$ cat model-v1.pdb   # PDB, C-alpha atoms
MODEL        1
ATOM      1  CA  MET A 129     -26.523-103.332  92.658
ATOM      2  CA  ILE A 130     -24.949 -99.905  93.308
ATOM      3  CA  THR A 131     -22.788-100.362  90.224
ATOM      4  CA  MET A 132     -25.818-101.054  88.064
ATOM      5  CA  ARG A 133     -27.647 -98.012  89.418
ATOM      6  CA  ILE A 134     -24.704 -95.774  88.595
ATOM      7  CA  LEU A 135     -24.533 -97.303  85.121
ATOM      8  CA  VAL A 136     -28.247 -96.676  84.535
ATOM      9  CA  LEU A 137     -27.853 -93.078  85.733
ATOM     10  CA  PHE A 138     -24.953 -92.502  83.398
ATOM     11  CA  LEU A 139     -26.801 -93.934  80.427
ATOM     12  CA  ALA A 140     -29.826 -91.768  81.228
ATOM     13  CA  LEU A 141     -27.660 -88.640  81.358
ATOM     14  CA  LEU A 142     -25.973 -89.600  78.114
ATOM     15  CA  SER A 143     -29.312 -90.238  76.433
ATOM     16  CA  PHE A 144     -30.683 -86.896  77.684
ATOM     17  CA  SER A 145     -27.699 -84.910  76.421
ATOM     18  CA  CYS A 146     -27.856 -86.586  73.020
ATOM     19  CA  ALA A 147     -31.603 -86.196  72.529
ATOM     20  CA  LYS A 148     -32.449 -84.985  69.055
ATOM     21  CA  ARG A 149     -34.341 -81.737  68.467
ATOM     22  CA  ASN A 150     -36.088 -80.493  65.380
ATOM     23  CA  LEU A 151     -34.308 -77.337  64.187
ATOM     24  CA  VAL A 152     -36.224 -77.065  60.913
ATOM     25  CA  TYR A 153     -38.968 -74.468  60.481
ATOM     26  CA  PHE A 154     -42.237 -75.895  59.109
ATOM     27  CA  SER A 155     -40.734 -79.368  59.020
ATOM     28  CA  ASP A 156     -44.167 -80.890  58.380
ATOM     29  CA  ILE A 157     -44.103 -79.499  54.813
ATOM     30  CA  ALA A 158     -42.755 -82.300  52.625
ATOM     31  CA  SER A 159     -39.633 -81.380  50.676
ATOM     32  CA  ASP A 160     -41.113 -82.697  47.425
ATOM     33  CA  SER A 161     -44.440 -80.844  47.666
ATOM     34  CA  ALA A 162     -45.850 -77.341  47.917
ATOM     35  CA  TYR A 163     -48.087 -76.091  50.700
ATOM     36  CA  THR A 164     -50.801 -73.602  49.847
ATOM     37  CA  THR A 165     -53.048 -71.757  52.268
ATOM     38  CA  LYS A 166     -55.458 -68.894  51.872
ATOM     39  CA  ILE A 167     -54.360 -65.538  53.198
ATOM     40  CA  GLY A 168     -56.919 -64.210  55.648
ATOM     41  CA  SER A 169     -58.077 -60.632  55.822
ATOM     42  CA  THR A 170     -55.101 -58.280  55.909
ATOM     43  CA  PHE A 171     -54.359 -57.148  59.418
ATOM     44  CA  GLU A 172     -54.434 -53.397  59.954
ATOM     45  CA  PRO A 173     -52.742 -52.249  63.176
ATOM     46  CA  LYS A 174     -54.869 -49.990  65.334
ATOM     47  CA  ILE A 175     -53.620 -46.898  67.084
ATOM     48  CA  GLN A 176     -52.922 -47.414  70.782
ATOM     49  CA  THR A 177     -52.215 -45.104  73.679
ATOM     50  CA  GLY A 178     -48.521 -44.275  73.750
ATOM     51  CA  ASP A 179     -48.158 -44.451  69.971
ATOM     52  CA  LEU A 180     -46.239 -41.652  68.291
ATOM     53  CA  LEU A 181     -47.819 -40.582  65.010
ATOM     54  CA  ARG A 182     -46.621 -38.498  62.112
ATOM     55  CA  ILE A 183     -49.532 -36.470  60.734
ATOM     56  CA  THR A 184     -48.996 -34.162  57.770
ATOM     57  CA  VAL A 185     -51.453 -31.959  55.893
ATOM     58  CA  SER A 186     -50.867 -30.782  52.333
ATOM     59  CA  SER A 187     -52.960 -28.324  50.345
ATOM     60  CA  LEU A 188     -52.693 -25.644  47.680
ATOM     61  CA  ASN A 189     -52.759 -22.980  50.378
ATOM     62  CA  ALA A 190     -49.245 -22.270  51.679
ATOM     63  CA  GLU A 191     -50.551 -20.480  54.750
ATOM     64  CA  SER A 192     -52.667 -23.478  55.691
ATOM     65  CA  ASN A 193     -49.656 -25.744  55.321
ATOM     66  CA  LEU A 194     -47.745 -23.479  57.672
ATOM     67  CA  LEU A 195     -50.613 -23.559  60.109
ATOM     68  CA  PHE A 196     -51.057 -27.340  60.286
ATOM     69  CA  ASN A 197     -47.457 -28.445  59.779
ATOM     70  CA  ALA A 198     -45.567 -26.148  62.136
ATOM     71  CA  GLY A 199     -43.743 -24.144  59.490
ATOM     72  CA  ILE A 200     -43.786 -26.683  56.644
ATOM     73  CA  LEU A 201     -44.014 -25.044  53.217
ATOM     74  CA  ASN A 202     -45.587 -26.696  50.203
ATOM     75  CA  THR A 203     -42.598 -26.747  47.847
ATOM     76  CA  GLN A 204     -41.254 -30.183  47.072
ATOM     77  CA  THR A 205     -37.892 -29.563  48.734
ATOM     78  CA  ASP A 206     -39.427 -28.054  51.829
ATOM     79  CA  VAL A 207     -41.900 -30.900  52.160
ATOM     80  CA  ARG A 208     -39.094 -33.476  52.180
ATOM     81  CA  GLN A 209     -37.087 -31.528  54.725
ATOM     82  CA  ALA A 210     -40.119 -30.851  56.872
ATOM     83  CA  THR A 211     -41.197 -34.482  56.782
ATOM     84  CA  ASN A 212     -37.831 -35.440  58.260
ATOM     85  CA  LEU A 213     -38.228 -32.690  60.857
ATOM     86  CA  VAL A 214     -41.653 -33.954  61.825
ATOM     87  CA  ALA A 215     -40.366 -37.528  62.046
ATOM     88  CA  LEU A 216     -37.557 -36.503  64.392
ATOM     89  CA  ASN A 217     -39.095 -33.781  66.533
ATOM     90  CA  GLN A 218     -42.811 -33.357  66.036
ATOM     91  CA  GLY A 219     -44.571 -36.667  66.354
ATOM     92  CA  TYR A 220     -48.024 -36.555  67.913
ATOM     93  CA  LEU A 221     -48.266 -38.649  71.059
ATOM     94  CA  VAL A 222     -51.508 -40.520  71.677
ATOM     95  CA  ASP A 223     -52.246 -39.686  75.314
ATOM     96  CA  LYS A 224     -53.852 -41.959  77.910
ATOM     97  CA  GLU A 225     -57.304 -40.743  76.834
ATOM     98  CA  GLY A 226     -56.531 -41.821  73.265
ATOM     99  CA  ASP A 227     -56.262 -38.272  71.851
ATOM    100  CA  VAL A 228     -53.641 -36.314  69.954
ATOM    101  CA  ASN A 229     -53.364 -32.567  70.315
ATOM    102  CA  PHE A 230     -53.404 -31.223  66.752
ATOM    103  CA  PRO A 231     -52.767 -27.600  65.714
ATOM    104  CA  VAL A 232     -55.883 -25.398  65.310
ATOM    105  CA  ILE A 233     -58.258 -28.313  65.819
ATOM    106  CA  GLY A 234     -57.153 -29.372  69.291
ATOM    107  CA  LYS A 235     -57.915 -32.849  70.681
ATOM    108  CA  ILE A 236     -58.623 -35.593  68.130
ATOM    109  CA  LYS A 237     -59.503 -39.069  69.409
ATOM    110  CA  LEU A 238     -57.619 -41.610  67.316
ATOM    111  CA  VAL A 239     -57.183 -44.572  69.668
ATOM    112  CA  GLY A 240     -58.607 -47.805  68.251
ATOM    113  CA  LYS A 241     -58.575 -46.514  64.673
ATOM    114  CA  THR A 242     -56.541 -47.850  61.771
ATOM    115  CA  LYS A 243     -54.340 -45.469  59.832
ATOM    116  CA  GLU A 244     -56.981 -45.153  57.117
ATOM    117  CA  GLU A 245     -59.663 -44.373  59.691
ATOM    118  CA  ALA A 246     -57.369 -41.810  61.312
ATOM    119  CA  VAL A 247     -56.772 -40.175  57.930
ATOM    120  CA  ASP A 248     -60.527 -39.946  57.360
ATOM    121  CA  GLU A 249     -61.087 -38.397  60.796
ATOM    122  CA  VAL A 250     -58.304 -35.819  60.498
ATOM    123  CA  THR A 251     -59.353 -34.983  56.921
ATOM    124  CA  ARG A 252     -62.930 -34.418  58.050
ATOM    125  CA  LEU A 253     -61.838 -31.969  60.726
ATOM    126  CA  VAL A 254     -59.208 -30.178  58.637
ATOM    127  CA  THR A 255     -61.673 -29.705  55.760
ATOM    128  CA  GLU A 256     -63.510 -27.223  57.974
ATOM    129  CA  HIS A 257     -60.446 -24.957  57.653
ATOM    130  CA  VAL A 258     -58.764 -25.998  54.378
ATOM    131  CA  LYS A 259     -60.126 -26.859  50.974
ATOM    132  CA  ASP A 260     -59.265 -30.313  49.587
ATOM    133  CA  PRO A 261     -56.510 -31.232  52.081
ATOM    134  CA  ILE A 262     -54.335 -34.297  51.660
ATOM    135  CA  VAL A 263     -53.663 -35.967  55.009
ATOM    136  CA  ASN A 264     -51.061 -38.644  55.748
ATOM    137  CA  VAL A 265     -50.768 -40.605  58.984
ATOM    138  CA  SER A 266     -47.987 -43.045  59.868
ATOM    139  CA  PHE A 267     -46.436 -44.630  62.937
ATOM    140  CA  LEU A 268     -43.127 -43.292  64.223
ATOM    141  CA  ASN A 269     -42.583 -45.838  66.970
ATOM    142  CA  PHE A 270     -43.949 -49.097  65.558
ATOM    143  CA  LYS A 271     -41.695 -51.587  67.305
ATOM    144  CA  VAL A 272     -41.387 -55.242  68.255
ATOM    145  CA  THR A 273     -39.066 -56.882  70.769
ATOM    146  CA  VAL A 274     -37.328 -60.245  70.270
ATOM    147  CA  ILE A 275     -35.564 -61.802  73.265
ATOM    148  CA  GLY A 276     -34.336 -65.185  74.437
ATOM    149  CA  GLU A 277     -32.398 -67.676  72.340
ATOM    150  CA  VAL A 278     -31.686 -65.481  69.305
ATOM    151  CA  ALA A 279     -28.377 -64.189  67.989
ATOM    152  CA  ARG A 280     -29.123 -60.475  68.480
ATOM    153  CA  PRO A 281     -31.962 -59.873  70.967
ATOM    154  CA  GLY A 282     -33.376 -56.363  71.088
ATOM    155  CA  THR A 283     -36.188 -53.946  70.330
ATOM    156  CA  PHE A 284     -36.588 -53.030  66.669
ATOM    157  CA  THR A 285     -38.294 -49.841  65.471
ATOM    158  CA  LEU A 286     -39.747 -50.258  61.987
ATOM    159  CA  GLU A 287     -40.212 -47.894  59.082
ATOM    160  CA  ASN A 288     -43.529 -49.519  58.228
ATOM    161  CA  ASP A 289     -46.318 -51.167  60.202
ATOM    162  CA  ARG A 290     -46.188 -54.680  58.790
ATOM    163  CA  ILE A 291     -43.830 -57.414  59.972
ATOM    164  CA  THR A 292     -44.187 -61.184  60.228
ATOM    165  CA  LEU A 293     -42.876 -63.378  63.017
ATOM    166  CA  LEU A 294     -40.207 -64.805  60.706
ATOM    167  CA  GLU A 295     -39.087 -61.320  59.657
ATOM    168  CA  ALA A 296     -38.741 -60.302  63.312
ATOM    169  CA  LEU A 297     -36.637 -63.402  64.020
ATOM    170  CA  GLY A 298     -34.540 -62.563  60.970
ATOM    171  CA  MET A 299     -33.897 -59.058  62.301
ATOM    172  CA  ALA A 300     -32.731 -60.647  65.560
ATOM    173  CA  GLY A 301     -30.282 -62.885  63.706
ATOM    174  CA  ASP A 302     -32.508 -66.002  63.879
ATOM    175  CA  MET A 303     -32.732 -68.512  66.711
ATOM    176  CA  THR A 304     -29.669 -70.189  68.125
ATOM    177  CA  GLN A 305     -29.419 -73.968  68.110
ATOM    178  CA  PHE A 306     -30.799 -73.926  71.668
ATOM    179  CA  GLY A 307     -33.993 -72.059  70.743
ATOM    180  CA  LYS A 308     -37.192 -74.124  71.028
ATOM    181  CA  ARG A 309     -38.821 -73.640  67.644
ATOM    182  CA  GLU A 310     -41.830 -75.597  68.831
ATOM    183  CA  ASN A 311     -42.525 -73.244  71.742
ATOM    184  CA  VAL A 312     -42.140 -69.552  70.828
ATOM    185  CA  LEU A 313     -44.006 -67.204  73.159
ATOM    186  CA  ILE A 314     -45.701 -64.039  71.858
ATOM    187  CA  ILE A 315     -46.890 -61.445  74.376
ATOM    188  CA  ARG A 316     -49.423 -58.922  73.082
ATOM    189  CA  ASP A 317     -51.428 -56.055  74.605
ATOM    190  CA  GLU A 318     -54.822 -55.926  72.932
ATOM    191  CA  GLY A 319     -58.215 -54.552  73.919
ATOM    192  CA  GLY A 320     -57.106 -53.680  77.425
ATOM    193  CA  GLU A 321     -55.760 -57.189  77.999
ATOM    194  CA  ARG A 322     -52.304 -58.746  77.943
ATOM    195  CA  LYS A 323     -52.210 -62.065  76.119
ATOM    196  CA  ALA A 324     -49.478 -64.713  75.950
ATOM    197  CA  VAL A 325     -49.674 -67.276  73.145
ATOM    198  CA  ARG A 326     -47.271 -70.082  72.243
ATOM    199  CA  ILE A 327     -46.442 -70.769  68.596
ATOM    200  CA  ASN A 328     -44.982 -73.953  67.084
ATOM    201  CA  LEU A 329     -42.713 -72.991  64.194
ATOM    202  CA  ASN A 330     -42.246 -76.659  63.260
ATOM    203  CA  ASN A 331     -45.898 -76.651  62.211
ATOM    204  CA  LYS A 332     -47.108 -75.155  58.929
ATOM    205  CA  GLU A 333     -50.404 -74.115  60.538
ATOM    206  CA  VAL A 334     -48.539 -71.147  62.037
ATOM    207  CA  LEU A 335     -48.963 -69.505  58.629
ATOM    208  CA  ASN A 336     -52.695 -69.293  59.382
ATOM    209  CA  SER A 337     -52.247 -67.924  62.895
ATOM    210  CA  PRO A 338     -53.330 -64.356  63.755
ATOM    211  CA  TYR A 339     -49.996 -64.129  65.573
ATOM    212  CA  TYR A 340     -47.924 -64.801  62.462
ATOM    213  CA  LEU A 341     -48.302 -61.124  61.574
ATOM    214  CA  LEU A 342     -47.023 -59.126  64.520
ATOM    215  CA  GLN A 343     -48.605 -56.000  65.974
ATOM    216  CA  GLN A 344     -46.860 -52.974  67.417
ATOM    217  CA  ASN A 345     -45.262 -53.523  70.831
ATOM    218  CA  ASP A 346     -45.421 -57.339  70.524
ATOM    219  CA  ILE A 347     -42.774 -59.235  72.481
ATOM    220  CA  VAL A 348     -41.376 -62.459  71.019
ATOM    221  CA  TYR A 349     -39.637 -64.744  73.513
ATOM    222  CA  VAL A 350     -37.672 -67.745  72.275
ATOM    223  CA  GLU A 351     -37.432 -70.244  75.108
ATOM    224  CA  PRO A 352     -34.162 -72.192  75.581
ATOM    225  CA  ASP A 353     -34.227 -75.960  75.496
ATOM    226  CA  LYS A 354     -33.647 -77.992  78.656
ATOM    227  CA  MET A 355     -29.962 -78.558  77.976
ATOM    228  CA  LYS A 356     -29.265 -74.821  77.734
ATOM    229  CA  ALA A 357     -31.320 -74.212  80.882
ATOM    230  CA  ILE A 358     -29.250 -76.813  82.745
ATOM    231  CA  GLN A 359     -26.031 -75.200  81.524
ATOM    232  CA  ALA A 360     -27.234 -71.795  82.724
ATOM    233  CA  THR A 361     -28.315 -72.974  86.180
ATOM    234  CA  THR A 362     -25.703 -75.632  86.969
ATOM    235  CA  ASN A 363     -22.846 -74.459  89.230
ATOM    236  CA  GLN A 364     -19.219 -75.502  88.898
ATOM    237  CA  ARG A 365     -19.499 -78.148  91.610
ATOM    238  CA  SER A 366     -22.364 -79.829  89.790
ATOM    239  CA  LEU A 367     -20.407 -79.763  86.551
ATOM    240  CA  SER A 368     -17.456 -81.416  88.296
ATOM    241  CA  LEU A 369     -19.752 -84.074  89.743
ATOM    242  CA  LEU A 370     -21.232 -84.722  86.315
ATOM    243  CA  ALA A 371     -17.742 -85.081  84.862
ATOM    244  CA  ILE A 372     -16.838 -87.583  87.586
ATOM    245  CA  LEU A 373     -20.014 -89.569  86.970
ATOM    246  CA  SER A 374     -19.308 -89.581  83.238
ATOM    247  CA  SER A 375     -15.780 -90.858  83.777
ATOM    248  CA  LEU A 376     -17.047 -93.463  86.197
ATOM    249  CA  GLY A 377     -19.696 -94.536  83.711
ATOM    250  CA  VAL A 378     -17.114 -95.008  80.965
ATOM    251  CA  ALA A 379     -14.957 -97.069  83.322
ATOM    252  CA  LEU A 380     -17.936 -99.201  84.301
ATOM    253  CA  LEU A 381     -18.775 -99.835  80.674
ATOM    254  CA  PHE A 382     -15.262-101.091  79.970
ATOM    255  CA  ASN A 383     -15.285-103.270  83.098
ATOM    256  CA  LEU A 384     -18.696-104.679  82.219
ATOM    257  CA  ARG A 385     -17.495-105.496  78.715
ATOM    258  CA  TRP A 386     -14.393-107.237  80.110
ATOM    259  CA  TYR A 387     -16.557-109.175  82.616
ATOM    260  CA  ILE A 388     -18.943-110.348  79.879
ATOM    261  CA  ASN A 389     -16.059-111.427  77.611
ATOM    262  CA  ASP A 390     -14.634-113.451  80.492
TER
ENDMDL
END
$ encode --input "model-v1.pdb" --output "structure tokens"
Amino acid sequence: MITMRILVLFLALLSFSCAKRNLVYFSDIASDSAYTTKIGSTFEPKIQTGDLLRITVSSLNAESNLLFNAGILNTQTDVRQATNLVALNQGYLVDKEGDVNFPVIGKIKLVGKTKEEAVDEVTRLVTEHVKDPIVNVSFLNFKVTVIGEVARPGTFTLENDRITLLEALGMAGDMTQFGKRENVLIIRDEGGERKAVRINLNNKEVLNSPYYLLQQNDIVYVEPDKMKAIQATTNQRSLSLLAILSSLGVALLFNLRWYIND
């Protein structure tokens, strides 16, 4: 009876370690067919507290350019150099009240606005001082974080404000073989709340998810499968015991085969 119990335990362990996992993204899309889905309304990221913005003002008046751009002149060469300077040293931080402190104008509330809405608001205020200004607003610290079972986990700062979940995984070197594609966790701060949503990348319906297109400061966590979790939490003594049980199981199998043949 004890022998049979040990044999059953060994077979269960062997079956568990050899369990198959689906490593294919969107595996429910047939290889001999095309999947088409409508693209929903384009997501526009909204400005949040803590965002760092680049705001530039251009006009035909060189003095006005100096005034609003901290010494930026309106020649083509100077504009390029000054844009780099602004990007490195003079971003406008959105404070906890949702305002930026802009030259001449003072506090401008931009939290909750899209870039286009922020451009409209800054243009409206600057027009009181400058004729026909051209205003540009962009994010300087648009970032996403990818951690867990990926090749190169980390936080990635982007040059633009549009990135998909697959692109973020690509930047992190893709999932390892231990990453659970059917259970990817996305953590997002939105509307004063922190949300955690699980995504199944084996399912084509992810392409319709509002979480397929990431927002700034999103965290993507790729959970390890059970086998990797066991490897990470099992101590050396347990590994030795498992090796002994495996050897014993193999011996029992051979003995059982010899007994049956007899």
$ resolve_selection --input "model-v1.pdb" --expression "the PyMOL selection byres ((chain A and resi 224-234) around 9)" --output "list in words"
Ile175, Gln176, Thr177, Gly178, Leu181, Ile183, Leu195, Phe196, Asn197, Ala198, Tyr220, Leu221, Val222, Asp223, Lys235, Ile236, Lys237, Leu238, Val239, Gly240, Leu253, Val254 and His257 of chain A
$ closest_residue --input "model-v1.pdb" --among "A:Asp289, A:Glu295, A:Glu277, A:Glu321" --to "Val265 (chain A)" --atoms "only C-alpha atoms"
A:Asp289
$ resolve_selection --input "model-v1.pdb" --expression "the PyMOL selection byres ((chain A and resi 308-314) around 10)" --output "PyMOL selection string"
chain A and resi 149-154+273-274+276-277+293+303-307+315-316+323-331+339-340+342+346-354
$ residues_around --input "model-v1.pdb" --residues "Phe171 (chain A)" --least-positions-apart "4" --cutoff "10 Å" --atoms "only C-alpha atoms" --output "list in words"
Thr242, Arg290, Pro338, Leu341, Leu342 and Gln343 of chain A
$ write_last_selection --input "model-v1.pdb" --atoms "C-alpha atoms" --output "PDB file, in the coordinates of the input"
ATOM      1  CA  THR A 242     -56.541 -47.850  61.771  1.00  0.00           C
ATOM      2  CA  ARG A 290     -46.188 -54.680  58.790  1.00  0.00           C
ATOM      3  CA  PRO A 338     -53.330 -64.356  63.755  1.00  0.00           C
ATOM      4  CA  LEU A 341     -48.302 -61.124  61.574  1.00  0.00           C
ATOM      5  CA  LEU A 342     -47.023 -59.126  64.520  1.00  0.00           C
ATOM      6  CA  GLN A 343     -48.605 -56.000  65.974  1.00  0.00           C
TER       7      GLN A 343
END
$ resolve_selection --input "model-v1.pdb" --expression "the PyMOL selection byres ((chain A and resi 345) around 6)" --output "count of residues only"
4
$ decode --input "model-v1.pdb" --residues "region 225-235 of chain A" --atoms "all heavy atoms" --output "mmCIF file, in the first residue's frame"
data_model
loop_
_atom_site.group_PDB
_atom_site.id
_atom_site.type_symbol
_atom_site.label_atom_id
_atom_site.label_comp_id
_atom_site.auth_asym_id
_atom_site.auth_seq_id
_atom_site.Cartn_x
_atom_site.Cartn_y
_atom_site.Cartn_z
ATOM 1 N N GLU A 225 -1.987 70.405 -7.179
ATOM 2 C CA GLU A 225 -3.265 71.055 -7.470
ATOM 3 C C GLU A 225 -3.649 70.936 -8.937
ATOM 4 O O GLU A 225 -4.724 71.372 -9.344
ATOM 5 C CB GLU A 225 -3.211 72.542 -7.086
ATOM 6 C CG GLU A 225 -3.344 72.817 -5.593
ATOM 7 C CD GLU A 225 -2.039 72.542 -4.852
ATOM 8 O OE1 GLU A 225 -0.962 72.717 -5.484
ATOM 9 O OE2 GLU A 225 -2.077 72.151 -3.685
ATOM 10 N N GLY A 226 -2.737 70.366 -9.746
ATOM 11 C CA GLY A 226 -3.016 70.188 -11.169
ATOM 12 C C GLY A 226 -2.618 71.367 -12.025
ATOM 13 O O GLY A 226 -3.049 71.463 -13.177
ATOM 14 N N ASP A 227 -1.762 72.264 -11.497
ATOM 15 C CA ASP A 227 -1.360 73.478 -12.216
ATOM 16 C C ASP A 227 0.098 73.391 -12.649
ATOM 17 O O ASP A 227 0.908 72.663 -12.059
ATOM 18 C CB ASP A 227 -1.527 74.715 -11.326
ATOM 19 C CG ASP A 227 -2.949 74.896 -10.828
ATOM 20 O OD1 ASP A 227 -3.879 74.528 -11.569
ATOM 21 O OD2 ASP A 227 -3.127 75.393 -9.698
ATOM 22 N N VAL A 228 0.422 74.167 -13.691
ATOM 23 C CA VAL A 228 1.811 74.444 -14.036
ATOM 24 C C VAL A 228 2.031 75.941 -13.855
ATOM 25 O O VAL A 228 1.111 76.748 -14.028
ATOM 26 C CB VAL A 228 2.151 74.027 -15.487
ATOM 27 C CG1 VAL A 228 2.008 72.522 -15.666
ATOM 28 C CG2 VAL A 228 1.287 74.764 -16.498
ATOM 29 N N ASN A 229 3.235 76.293 -13.501
ATOM 30 C CA ASN A 229 3.569 77.702 -13.300
ATOM 31 C C ASN A 229 4.281 78.209 -14.550
ATOM 32 O O ASN A 229 5.455 77.936 -14.771
ATOM 33 C CB ASN A 229 4.462 77.850 -12.068
ATOM 34 C CG ASN A 229 4.596 79.296 -11.620
ATOM 35 O OD1 ASN A 229 3.879 80.171 -12.104
ATOM 36 N ND2 ASN A 229 5.515 79.551 -10.703
ATOM 37 N N PHE A 230 3.544 78.947 -15.383
ATOM 38 C CA PHE A 230 4.042 79.362 -16.694
ATOM 39 C C PHE A 230 4.489 80.822 -16.648
ATOM 40 O O PHE A 230 3.870 81.638 -15.963
ATOM 41 C CB PHE A 230 2.940 79.176 -17.743
ATOM 42 C CG PHE A 230 3.443 79.098 -19.149
ATOM 43 C CD1 PHE A 230 4.247 78.045 -19.555
ATOM 44 C CD2 PHE A 230 3.129 80.081 -20.080
ATOM 45 C CE1 PHE A 230 4.705 77.959 -20.857
ATOM 46 C CE2 PHE A 230 3.596 80.008 -21.375
ATOM 47 C CZ PHE A 230 4.387 78.940 -21.764
ATOM 48 N N PRO A 231 5.585 81.144 -17.380
ATOM 49 C CA PRO A 231 6.068 82.529 -17.379
ATOM 50 C C PRO A 231 4.986 83.530 -17.770
ATOM 51 O O PRO A 231 4.150 83.249 -18.629
ATOM 52 C CB PRO A 231 7.199 82.502 -18.415
ATOM 53 C CG PRO A 231 7.656 81.090 -18.456
ATOM 54 C CD PRO A 231 6.429 80.265 -18.209
ATOM 55 N N VAL A 232 4.995 84.697 -17.131
ATOM 56 C CA VAL A 232 4.091 85.819 -17.380
ATOM 57 C C VAL A 232 2.665 85.523 -16.915
ATOM 58 O O VAL A 232 2.053 86.278 -16.174
ATOM 59 C CB VAL A 232 4.078 86.241 -18.868
ATOM 60 C CG1 VAL A 232 3.160 87.446 -19.093
ATOM 61 C CG2 VAL A 232 5.486 86.558 -19.349
ATOM 62 N N ILE A 233 2.145 84.375 -17.336
ATOM 63 C CA ILE A 233 0.753 84.047 -17.051
ATOM 64 C C ILE A 233 0.562 83.575 -15.617
ATOM 65 O O ILE A 233 -0.416 83.904 -14.946
ATOM 66 C CB ILE A 233 0.245 82.974 -18.034
ATOM 67 C CG1 ILE A 233 0.245 83.537 -19.456
ATOM 68 C CG2 ILE A 233 -1.161 82.505 -17.665
ATOM 69 C CD1 ILE A 233 -0.066 82.529 -20.516
ATOM 70 N N GLY A 234 1.497 82.789 -15.108
ATOM 71 C CA GLY A 234 1.368 82.235 -13.775
ATOM 72 C C GLY A 234 0.745 80.847 -13.807
ATOM 73 O O GLY A 234 1.014 80.047 -14.697
ATOM 74 N N LYS A 235 -0.132 80.539 -12.846
ATOM 75 C CA LYS A 235 -0.712 79.208 -12.718
ATOM 76 C C LYS A 235 -1.711 78.923 -13.850
ATOM 77 O O LYS A 235 -2.597 79.738 -14.118
ATOM 78 C CB LYS A 235 -1.434 79.068 -11.378
ATOM 79 C CG LYS A 235 -0.519 79.174 -10.161
ATOM 80 C CD LYS A 235 0.229 77.874 -9.937
ATOM 81 C CE LYS A 235 0.995 77.922 -8.611
ATOM 82 N NZ LYS A 235 1.688 76.655 -8.314
#
